[in-house]
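Engineer: work39.cif is reproduced below (mmCIF, C-alpha atoms).
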```
data_my_file
#
loop_
_atom_site.label_atom_id
_atom_site.label_comp_id
_atom_site.auth_asym_id
_atom_site.auth_seq_id
_atom_site.Cartn_x
_atom_site.Cartn_y
_atom_site.Cartn_z
CA MET A 1 11.64 -28.65 -3.48
CA TRP A 2 9.99 -31.87 -4.76
CA LEU A 3 9.26 -32.99 -1.18
CA SER A 4 7.51 -29.66 -0.56
CA PHE A 5 5.52 -30.11 -3.76
CA ILE A 6 4.45 -33.67 -2.85
CA PHE A 7 3.58 -32.61 0.71
CA ALA A 8 1.49 -29.73 -0.60
CA LYS A 9 -0.36 -31.99 -3.06
CA ILE A 10 -1.19 -34.62 -0.43
CA PHE A 11 -2.33 -32.21 2.25
CA LYS A 12 -3.71 -29.57 -0.14
CA ILE A 13 -1.52 -26.88 1.36
CA GLN A 14 -1.17 -23.75 -0.76
CA ILE A 15 2.40 -22.51 -1.09
CA LEU A 16 3.21 -18.83 -0.55
CA THR A 17 5.96 -17.95 -3.01
CA LYS A 18 8.21 -14.89 -2.97
CA SER A 19 9.80 -14.02 -6.31
CA ILE A 20 11.65 -11.31 -8.21
CA PHE A 21 10.48 -10.14 -11.62
CA SER A 22 13.01 -8.32 -13.78
CA SER A 23 12.19 -6.16 -16.77
CA LYS A 24 14.87 -5.16 -19.25
CA LYS A 25 12.49 -2.93 -21.17
CA PRO A 26 12.79 0.83 -20.56
CA LEU A 27 10.09 2.35 -18.34
CA THR A 28 9.29 6.03 -18.81
CA LEU A 29 8.02 7.64 -15.62
CA GLU A 30 5.58 10.54 -15.44
CA SER A 31 8.51 12.84 -14.61
CA GLY A 32 10.08 11.98 -17.97
CA TYR A 33 12.83 9.93 -16.33
CA VAL A 34 13.57 6.72 -18.26
CA LEU A 35 14.53 3.63 -16.31
CA PRO A 36 16.49 1.30 -18.60
CA GLU A 37 15.53 -1.66 -16.40
CA TYR A 38 13.87 -2.43 -13.08
CA HIS A 39 12.83 -5.28 -10.83
CA LEU A 40 9.86 -6.03 -8.60
CA ALA A 41 9.55 -8.24 -5.55
CA TYR A 42 6.21 -9.99 -5.51
CA THR A 43 4.37 -12.72 -3.67
CA THR A 44 1.85 -15.24 -4.98
CA TYR A 45 -0.34 -17.43 -2.82
CA GLY A 46 -2.64 -20.12 -4.17
CA LYS A 47 -3.04 -21.26 -7.76
CA MET A 48 -4.66 -19.72 -10.80
CA ASN A 49 -7.53 -21.92 -11.99
CA ASP A 50 -8.05 -23.12 -15.55
CA LYS A 51 -10.51 -20.32 -16.30
CA LYS A 52 -8.05 -17.74 -14.95
CA ASP A 53 -10.92 -16.03 -13.15
CA ASN A 54 -9.82 -16.34 -9.52
CA VAL A 55 -7.08 -13.70 -9.31
CA VAL A 56 -6.98 -11.34 -6.33
CA TRP A 57 -4.48 -8.49 -6.56
CA ILE A 58 -3.69 -6.87 -3.22
CA PHE A 59 -1.96 -3.48 -3.11
CA HIS A 60 -0.01 -2.62 0.03
CA ALA A 61 0.31 0.72 1.81
CA LEU A 62 3.31 2.97 2.54
CA THR A 63 5.66 0.87 4.67
CA ALA A 64 4.29 -2.66 4.12
CA ASN A 65 5.67 -5.45 1.94
CA SER A 66 4.44 -7.92 -0.66
CA VAL A 67 3.31 -10.53 1.91
CA PRO A 68 -0.28 -9.60 2.85
CA THR A 69 -0.58 -12.48 5.33
CA GLU A 70 1.93 -10.58 7.49
CA TRP A 71 0.12 -7.23 7.64
CA TRP A 72 -3.47 -8.25 6.71
CA PRO A 73 -3.72 -11.63 8.48
CA GLY A 74 -7.42 -11.17 9.13
CA LEU A 75 -8.20 -10.89 5.41
CA ALA A 76 -5.58 -12.95 3.57
CA GLY A 77 -4.70 -16.54 4.37
CA GLU A 78 -6.18 -19.97 4.85
CA GLY A 79 -9.76 -19.77 6.06
CA LYS A 80 -9.90 -16.00 5.52
CA LEU A 81 -11.84 -13.91 3.00
CA PHE A 82 -8.98 -14.19 0.51
CA ASP A 83 -8.25 -17.86 0.91
CA PRO A 84 -5.44 -19.30 -1.26
CA GLU A 85 -7.49 -22.49 -1.56
CA LYS A 86 -10.01 -20.44 -3.59
CA TYR A 87 -8.01 -17.55 -5.02
CA PHE A 88 -4.69 -16.87 -6.73
CA ILE A 89 -3.40 -13.97 -4.66
CA VAL A 90 -0.79 -11.53 -5.99
CA CYS A 91 0.89 -8.67 -4.16
CA VAL A 92 3.81 -6.56 -5.38
CA ASN A 93 6.24 -4.52 -3.32
CA MET A 94 6.02 -0.89 -4.44
CA PRO A 95 8.98 0.50 -6.38
CA GLY A 96 10.91 2.74 -4.02
CA SER A 97 10.28 0.49 -1.04
CA CYS A 98 12.93 -1.54 0.78
CA TYR A 99 11.43 -5.02 0.57
CA GLY A 100 12.93 -6.24 -2.68
CA SER A 101 11.67 -4.02 -5.49
CA ILE A 102 13.85 -1.39 -7.13
CA GLY A 103 14.72 1.23 -4.51
CA PRO A 104 17.15 3.93 -3.41
CA PHE A 105 19.80 1.40 -2.35
CA ASP A 106 20.01 -0.18 -5.79
CA LYS A 107 22.64 0.82 -8.31
CA ASN A 108 21.81 3.12 -11.17
CA PRO A 109 22.66 0.91 -14.18
CA GLU A 110 23.79 3.95 -16.16
CA THR A 111 26.27 5.25 -13.57
CA GLY A 112 27.08 2.15 -11.56
CA GLN A 113 26.49 4.20 -8.40
CA ILE A 114 23.86 3.62 -5.71
CA TYR A 115 20.90 5.95 -6.23
CA TYR A 116 20.47 7.24 -2.66
CA HIS A 117 19.09 10.81 -3.03
CA ASP A 118 18.93 10.51 -6.83
CA PHE A 119 16.32 7.79 -6.89
CA PRO A 120 13.62 8.74 -9.43
CA LEU A 121 10.12 9.64 -8.34
CA PHE A 122 7.53 6.90 -8.83
CA THR A 123 3.93 8.12 -8.77
CA PRO A 124 1.16 5.57 -8.11
CA ARG A 125 0.49 5.69 -11.86
CA ASP A 126 4.13 4.83 -12.57
CA MET A 127 3.89 1.97 -10.11
CA VAL A 128 0.95 0.27 -11.79
CA ARG A 129 2.55 0.74 -15.19
CA SER A 130 5.57 -1.11 -13.88
CA TYR A 131 3.27 -3.96 -12.77
CA LYS A 132 1.77 -4.55 -16.23
CA PRO A 133 4.69 -6.63 -17.59
CA LEU A 134 4.51 -8.75 -14.43
CA LYS A 135 0.81 -9.28 -14.99
CA GLU A 136 1.55 -10.52 -18.51
CA PHE A 137 4.40 -12.71 -17.26
CA LEU A 138 2.04 -14.39 -14.81
CA GLY A 139 -0.50 -15.00 -17.57
CA ILE A 140 -3.17 -12.86 -15.92
CA GLU A 141 -5.81 -11.59 -18.30
CA LYS A 142 -8.49 -10.60 -15.81
CA VAL A 143 -8.40 -9.79 -12.09
CA LYS A 144 -11.41 -10.94 -10.12
CA ILE A 145 -10.78 -8.63 -7.17
CA GLY A 146 -8.48 -5.68 -6.67
CA ILE A 147 -8.15 -4.33 -3.15
CA GLY A 148 -5.94 -1.85 -1.34
CA GLY A 149 -6.00 0.66 1.49
CA SER A 150 -4.34 4.06 1.77
CA MET A 151 -1.53 4.30 -0.83
CA GLY A 152 -2.47 0.80 -1.95
CA GLY A 153 -5.91 2.10 -2.82
CA GLN A 154 -4.36 4.92 -4.83
CA GLN A 155 -2.54 2.39 -7.00
CA LEU A 156 -5.70 0.33 -7.38
CA LEU A 157 -7.69 3.31 -8.66
CA GLU A 158 -4.96 4.24 -11.12
CA TRP A 159 -4.88 0.76 -12.61
CA ALA A 160 -8.67 0.50 -12.78
CA ILE A 161 -8.63 3.73 -14.80
CA GLU A 162 -5.67 2.74 -16.99
CA GLU A 163 -7.31 -0.61 -17.82
CA PRO A 164 -11.07 -0.15 -17.24
CA ASP A 165 -11.95 -3.80 -17.91
CA LEU A 166 -9.12 -5.48 -16.01
CA PHE A 167 -10.81 -5.74 -12.61
CA GLU A 168 -14.23 -7.29 -12.07
CA TYR A 169 -14.44 -5.85 -8.55
CA ILE A 170 -12.41 -3.16 -6.81
CA PHE A 171 -12.38 -2.30 -3.11
CA PRO A 172 -10.49 0.95 -2.41
CA ILE A 173 -10.34 1.43 1.39
CA GLY A 174 -9.44 4.61 3.26
CA THR A 175 -7.95 6.20 0.15
CA ASN A 176 -8.56 8.99 -2.34
CA ALA A 177 -8.61 9.87 -6.03
CA GLN A 178 -6.33 12.87 -5.49
CA HIS A 179 -4.08 13.36 -2.50
CA SER A 180 -5.36 16.28 -0.48
CA PRO A 181 -3.54 19.49 0.52
CA TRP A 182 -3.94 18.23 4.12
CA GLY A 183 -2.28 14.93 3.30
CA ILE A 184 0.50 16.63 1.33
CA ALA A 185 1.17 19.02 4.22
CA LEU A 186 1.49 16.09 6.60
CA ASN A 187 3.90 14.27 4.27
CA ALA A 188 5.92 17.45 3.66
CA SER A 189 6.24 17.94 7.42
CA GLN A 190 7.55 14.40 7.75
CA ARG A 191 10.11 14.97 5.01
CA MET A 192 11.18 18.15 6.80
CA CYS A 193 11.99 16.00 9.81
CA ILE A 194 14.22 13.83 7.66
CA GLU A 195 15.83 16.85 5.99
CA ALA A 196 16.56 18.36 9.43
CA ASP A 197 18.57 15.29 10.38
CA THR A 198 22.22 16.33 10.02
CA THR A 199 23.08 12.94 8.51
CA TRP A 200 20.50 13.12 5.72
CA LYS A 201 22.88 14.41 3.04
CA GLN A 202 25.25 11.52 3.63
CA LYS A 203 25.33 8.70 1.13
CA ASN A 204 24.91 5.75 3.45
CA LYS A 205 22.02 3.52 4.42
CA GLN A 206 21.67 4.94 7.93
CA ALA A 207 21.36 8.54 6.78
CA GLY A 208 18.30 10.39 8.05
CA MET A 209 17.17 7.64 10.43
CA GLU A 210 16.66 9.90 13.45
CA GLY A 211 14.63 12.23 11.25
CA MET A 212 12.55 9.32 10.05
CA LYS A 213 11.72 8.39 13.63
CA ALA A 214 10.31 11.88 14.17
CA ALA A 215 8.50 11.66 10.84
CA ARG A 216 6.87 8.44 11.93
CA SER A 217 5.61 10.14 15.07
CA ILE A 218 3.85 12.79 12.97
CA ALA A 219 2.43 10.13 10.65
CA LEU A 220 1.07 8.10 13.53
CA ILE A 221 -0.98 11.05 14.79
CA SER A 222 -2.67 11.24 11.38
CA TYR A 223 -3.20 7.48 11.30
CA ARG A 224 -5.02 7.58 14.63
CA ASN A 225 -7.07 10.33 16.30
CA TYR A 226 -8.07 11.87 19.64
CA GLU A 227 -10.32 8.94 20.50
CA THR A 228 -7.59 6.38 19.82
CA TYR A 229 -5.08 7.99 22.13
CA ASP A 230 -7.67 8.63 24.80
CA VAL A 231 -8.50 4.93 24.85
CA THR A 232 -5.04 3.41 24.45
CA GLN A 233 -2.72 5.97 26.13
CA HIS A 234 -4.93 7.24 28.93
CA GLU A 235 -3.07 7.94 32.19
CA GLU A 236 -4.41 6.34 35.36
CA ASN A 237 -1.88 8.11 37.59
CA LEU A 238 -3.36 11.52 38.33
CA ASN A 239 -0.11 12.74 39.91
CA LYS A 240 2.14 12.21 36.89
CA ILE A 241 3.85 15.32 35.50
CA GLU A 242 6.17 13.73 32.90
CA ASP A 243 7.03 10.45 31.14
CA PHE A 244 3.54 10.09 29.72
CA LYS A 245 2.35 6.95 27.94
CA SER A 246 1.60 8.75 24.70
CA GLU A 247 5.10 10.23 24.57
CA SER A 248 6.80 6.87 25.07
CA TYR A 249 4.42 5.34 22.52
CA GLN A 250 5.46 7.86 19.87
CA LYS A 251 9.13 7.16 20.52
CA TYR A 252 8.55 3.42 20.48
CA GLN A 253 6.83 3.55 17.09
CA GLY A 254 9.72 5.54 15.60
CA GLU A 255 12.26 3.03 16.90
CA LYS A 256 10.13 0.14 15.68
CA LEU A 257 9.99 1.47 12.12
CA ALA A 258 13.73 2.19 12.10
CA LYS A 259 14.41 -1.50 12.64
CA ARG A 260 12.72 -2.44 9.37
CA PHE A 261 12.69 0.61 7.07
CA ASN A 262 14.97 3.40 5.85
CA ALA A 263 14.68 7.16 5.46
CA PHE A 264 15.26 7.12 1.70
CA SER A 265 12.34 4.83 0.93
CA TYR A 266 10.15 6.72 3.38
CA TYR A 267 11.07 10.03 1.75
CA PHE A 268 10.47 9.00 -1.86
CA LEU A 269 7.33 6.96 -1.24
CA SER A 270 5.74 9.92 0.55
CA LYS A 271 6.55 12.10 -2.46
CA GLY A 272 4.92 9.50 -4.67
CA MET A 273 1.78 9.62 -2.54
CA ASP A 274 1.68 13.42 -2.82
CA ALA A 275 1.78 13.14 -6.62
CA HIS A 276 -1.35 10.98 -6.71
CA ASN A 277 -4.05 12.58 -8.87
CA VAL A 278 -6.15 10.38 -11.16
CA GLY A 279 -7.34 13.51 -12.98
CA ARG A 280 -3.88 14.43 -14.24
CA GLY A 281 -3.95 14.27 -18.03
CA ARG A 282 -7.56 13.01 -17.99
CA GLU A 283 -9.46 16.33 -17.87
CA SER A 284 -10.69 15.92 -14.29
CA VAL A 285 -10.92 13.54 -11.35
CA LYS A 286 -14.61 13.05 -12.10
CA LYS A 287 -14.02 12.05 -15.72
CA ALA A 288 -11.15 9.79 -14.75
CA LEU A 289 -13.31 7.89 -12.24
CA GLN A 290 -16.06 7.59 -14.83
CA ARG A 291 -13.72 5.47 -16.97
CA ILE A 292 -13.82 2.62 -14.45
CA ASN A 293 -16.01 -0.31 -15.51
CA SER A 294 -15.42 -2.44 -12.42
CA LYS A 295 -18.04 -3.01 -9.78
CA ALA A 296 -16.65 -0.81 -7.04
CA LEU A 297 -17.23 -0.46 -3.33
CA ALA A 298 -15.34 2.41 -1.72
CA ILE A 299 -14.96 1.85 2.02
CA GLY A 300 -14.45 4.78 4.37
CA ILE A 301 -13.70 4.94 8.08
CA THR A 302 -15.73 7.41 10.14
CA THR A 303 -12.77 8.40 12.34
CA ASP A 304 -10.17 8.66 9.56
CA ILE A 305 -8.68 12.16 9.65
CA LEU A 306 -6.03 11.46 6.98
CA PHE A 307 -8.41 10.17 4.29
CA PRO A 308 -11.83 11.46 5.48
CA VAL A 309 -14.97 9.72 4.24
CA ASN A 310 -15.89 12.48 1.79
CA GLU A 311 -12.99 11.23 -0.34
CA GLN A 312 -14.47 7.73 -0.59
CA LYS A 313 -17.97 9.14 -1.11
CA LEU A 314 -16.58 10.87 -4.21
CA MET A 315 -15.59 7.49 -5.65
CA GLY A 316 -18.97 5.98 -4.90
CA LYS A 317 -20.61 8.93 -6.63
CA TYR A 318 -18.59 9.08 -9.86
CA ILE A 319 -17.55 5.48 -10.56
CA PRO A 320 -20.45 4.25 -12.78
CA ASN A 321 -20.87 0.96 -10.91
CA GLY A 322 -19.66 2.40 -7.64
CA GLU A 323 -21.04 2.38 -4.12
CA PHE A 324 -19.87 3.76 -0.81
CA VAL A 325 -20.01 2.34 2.70
CA GLU A 326 -18.40 3.42 5.94
CA ILE A 327 -17.26 1.54 9.00
CA HIS A 328 -16.50 2.79 12.49
CA SER A 329 -13.17 2.19 14.16
CA HIS A 330 -11.46 3.50 17.29
CA TYR A 331 -8.23 3.35 15.29
CA GLY A 332 -8.87 6.04 12.66
CA HIS A 333 -7.09 5.50 9.36
CA ASP A 334 -5.36 2.40 10.70
CA GLY A 335 -8.79 0.82 10.90
CA PHE A 336 -8.25 -0.41 7.34
CA LEU A 337 -5.55 -2.71 8.74
CA LEU A 338 -7.36 -3.74 11.90
CA GLU A 339 -11.12 -3.98 11.32
CA PHE A 340 -11.00 -7.44 9.72
CA GLU A 341 -14.47 -8.57 10.72
CA GLN A 342 -16.28 -5.47 9.47
CA ILE A 343 -14.37 -5.37 6.19
CA THR A 344 -14.83 -9.11 5.58
CA LYS A 345 -18.58 -8.89 6.16
CA ILE A 346 -18.98 -5.89 3.87
CA ILE A 347 -16.90 -7.30 1.01
CA ALA A 348 -18.44 -10.77 1.24
CA GLY A 349 -21.88 -9.22 1.07
CA PHE A 350 -20.96 -7.10 -1.95
CA LEU A 351 -19.49 -10.10 -3.79
CA SER A 352 -22.62 -12.16 -3.17
CA LYS A 353 -24.97 -9.67 -4.83
#
```
Could you write out this file's structure as structure tokens?

Structural biologist:
Amino acid sequence: MWLSFIFAKIFKIQILTKSIFSSKKPLTLESGYVLPEYHLAYTTYGKMNDKKDNVVWIFHALTANSVPTEWWPGLAGEGKLFDPEKYFIVCVNMPGSCYGSIGPFDKNPETGQIYYHDFPLFTPRDMVRSYKPLKEFLGIEKVKIGIGGSMGGQQLLEWAIEEPDLFEYIFPIGTNAQHSPWGIALNASQRMCIEADTTWKQKNKQAGMEGMKAARSIALISYRNYETYDVTQHEENLNKIEDFKSESYQKYQGEKLAKRFNAFSYYFLSKGMDAHNVGRGRESVKKALQRINSKALAIGITTDILFPVNEQKLMGKYIPNGEFVEIHSHYGHDGFLLEFEQITKIIAGFLSK
């Protein structure tokens, strides 16, 4: 450990650190369920400066983890927009996920049994409330930049409303203030795939995996669009009558997810996304957004059919210091993960105002 420290000091290399934060204080969820304790997996990258004004908090999407350099390499990392040489970067694995934070495969401390199907529902609001003790533990008083796409953006908005003065800047990308009936229908259809798997009711870690593969196929269609498939899965062989590229691609993506995720986390996280509504208990979505004091730039993607741009325009309209901008991508919703250059240019320009 000391050799790593000395090496880092000499060569000015910033260390990416993965840690576990444990809270022994009860956490009451929106459902009324009380967790007597919980833990969060989180990653820090860089160092907080003496003024404590260089914190960047990155919120990940549905199936990602707390290491943004793995799934956002064009934005986070040395020489990138969020450079650990300049910023203290924090990212937490969502509760309910399978990358270290409390999840369905953990034991219920009150029963001693693994949660499995009895894992409690975490809404995005519950998630950010679970992050607050971690924020205090890290000594963070102010966050320079908060950023997240998709479900990560939902968490970001919730926290910016819960603590209006916490973030100086927020960048919600391809997300919404209330999950739409369209989005809920898509998630419900995916859960139906899992429920239709004959193994789903079993209490083991492989339960529902075939159903999750089918669910992922549905999700992928909403993450992309007609244009995406026409460009990437177009058939050159005019005589083909079966075994099409797009079919094998859908199967491949299901298998790929099954190697790193589980049906329980997928199921409960999608339910959490459906429960997202910043207006709940705050009179309306409009009034909730008006609580935010951060300088905000909502970024939409022209081809996003899951979170269409009208949802980001709403944020730009009602957040007092809010603006809206859209980018074009062949990749639909997934453009928030792939359009590094456009997003970097837009955010850098907004920060320099």

Engineer: Which polymer residues have any atom within 6 Å of an atom of region 300-312 of chain A, counting all atoms listed in the file, with same-chain residues fewer than 4 positions away left out, as a ChimeraX atom specification?

Structural biologist: /A:174-176,222,326-328,332-333

Engineer: Residues at most 10 Å from Leu81 (chain A), counting only C-alpha atoms, excluding those fewer than 5 positions away in the same chain, as an MDAnalysis selection string?

Structural biologist: chainID A and resid 74:76 86:87 340:341 343:345 347:348

Engineer: From the set A:Ser22, A:Gln178, A:Thr44, A:Ser246, which residue has the shortest atom-to-atom contact distance to Gly272 (chain A), counting only C-alpha atoms?

Structural biologist: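 For Gly272 (chain A), the nearest of the candidates is A:Gln178.
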
Engineer: Applied to the shown file, which residues does the PyMOL selection byres ((chain A and resi 125-130) around 8) return, written as a PDB file with C-alpha atoms, in the frame of the given file?

Structural biologist:
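Wrote expr.pdb, looks like this:
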```
ATOM      1  CA  LEU A  27      10.090   2.350 -18.340  1.00  0.00           C
ATOM      2  CA  LEU A  29       8.020   7.640 -15.620  1.00  0.00           C
ATOM      3  CA  GLU A  30       5.580  10.540 -15.440  1.00  0.00           C
ATOM      4  CA  MET A  94       6.020  -0.890  -4.440  1.00  0.00           C
ATOM      5  CA  PRO A  95       8.980   0.500  -6.380  1.00  0.00           C
ATOM      6  CA  PHE A 122       7.530   6.900  -8.830  1.00  0.00           C
ATOM      7  CA  THR A 123       3.930   8.120  -8.770  1.00  0.00           C
ATOM      8  CA  PRO A 124       1.160   5.570  -8.110  1.00  0.00           C
ATOM      9  CA  TYR A 131       3.270  -3.960 -12.770  1.00  0.00           C
ATOM     10  CA  LYS A 132       1.770  -4.550 -16.230  1.00  0.00           C
ATOM     11  CA  PRO A 133       4.690  -6.630 -17.590  1.00  0.00           C
ATOM     12  CA  LEU A 134       4.510  -8.750 -14.430  1.00  0.00           C
ATOM     13  CA  GLN A 155      -2.540   2.390  -7.000  1.00  0.00           C
ATOM     14  CA  LEU A 156      -5.700   0.330  -7.380  1.00  0.00           C
ATOM     15  CA  GLU A 158      -4.960   4.240 -11.120  1.00  0.00           C
ATOM     16  CA  TRP A 159      -4.880   0.760 -12.610  1.00  0.00           C
ATOM     17  CA  HIS A 276      -1.350  10.980  -6.710  1.00  0.00           C
TER      18      HIS A 276
END
```

Engineer: Given the file above and the PyMOL selection byres ((chain A and resi 119) around 9), which residues are selected, and can you give them as a JSON list (two decimals) with C-alpha atoms, in the frame of the given file?

Structural biologist:
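The result, written out as selection_14.json:
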```
[["chain", "number", "residue", "atom", "x", "y", "z"],
["A", 96, "GLY", "CA", 10.91, 2.74, -4.02],
["A", 103, "GLY", "CA", 14.72, 1.23, -4.51],
["A", 104, "PRO", "CA", 17.15, 3.93, -3.41],
["A", 105, "PHE", "CA", 19.80, 1.40, -2.35],
["A", 106, "ASP", "CA", 20.01, -0.18, -5.79],
["A", 108, "ASN", "CA", 21.81, 3.12, -11.17],
["A", 114, "ILE", "CA", 23.86, 3.62, -5.71],
["A", 115, "TYR", "CA", 20.90, 5.95, -6.23],
["A", 116, "TYR", "CA", 20.47, 7.24, -2.66],
["A", 117, "HIS", "CA", 19.09, 10.81, -3.03],
["A", 118, "ASP", "CA", 18.93, 10.51, -6.83],
["A", 120, "PRO", "CA", 13.62, 8.74, -9.43],
["A", 121, "LEU", "CA", 10.12, 9.64, -8.34],
["A", 264, "PHE", "CA", 15.26, 7.12, 1.70],
["A", 268, "PHE", "CA", 10.47, 9.00, -1.86]]
```
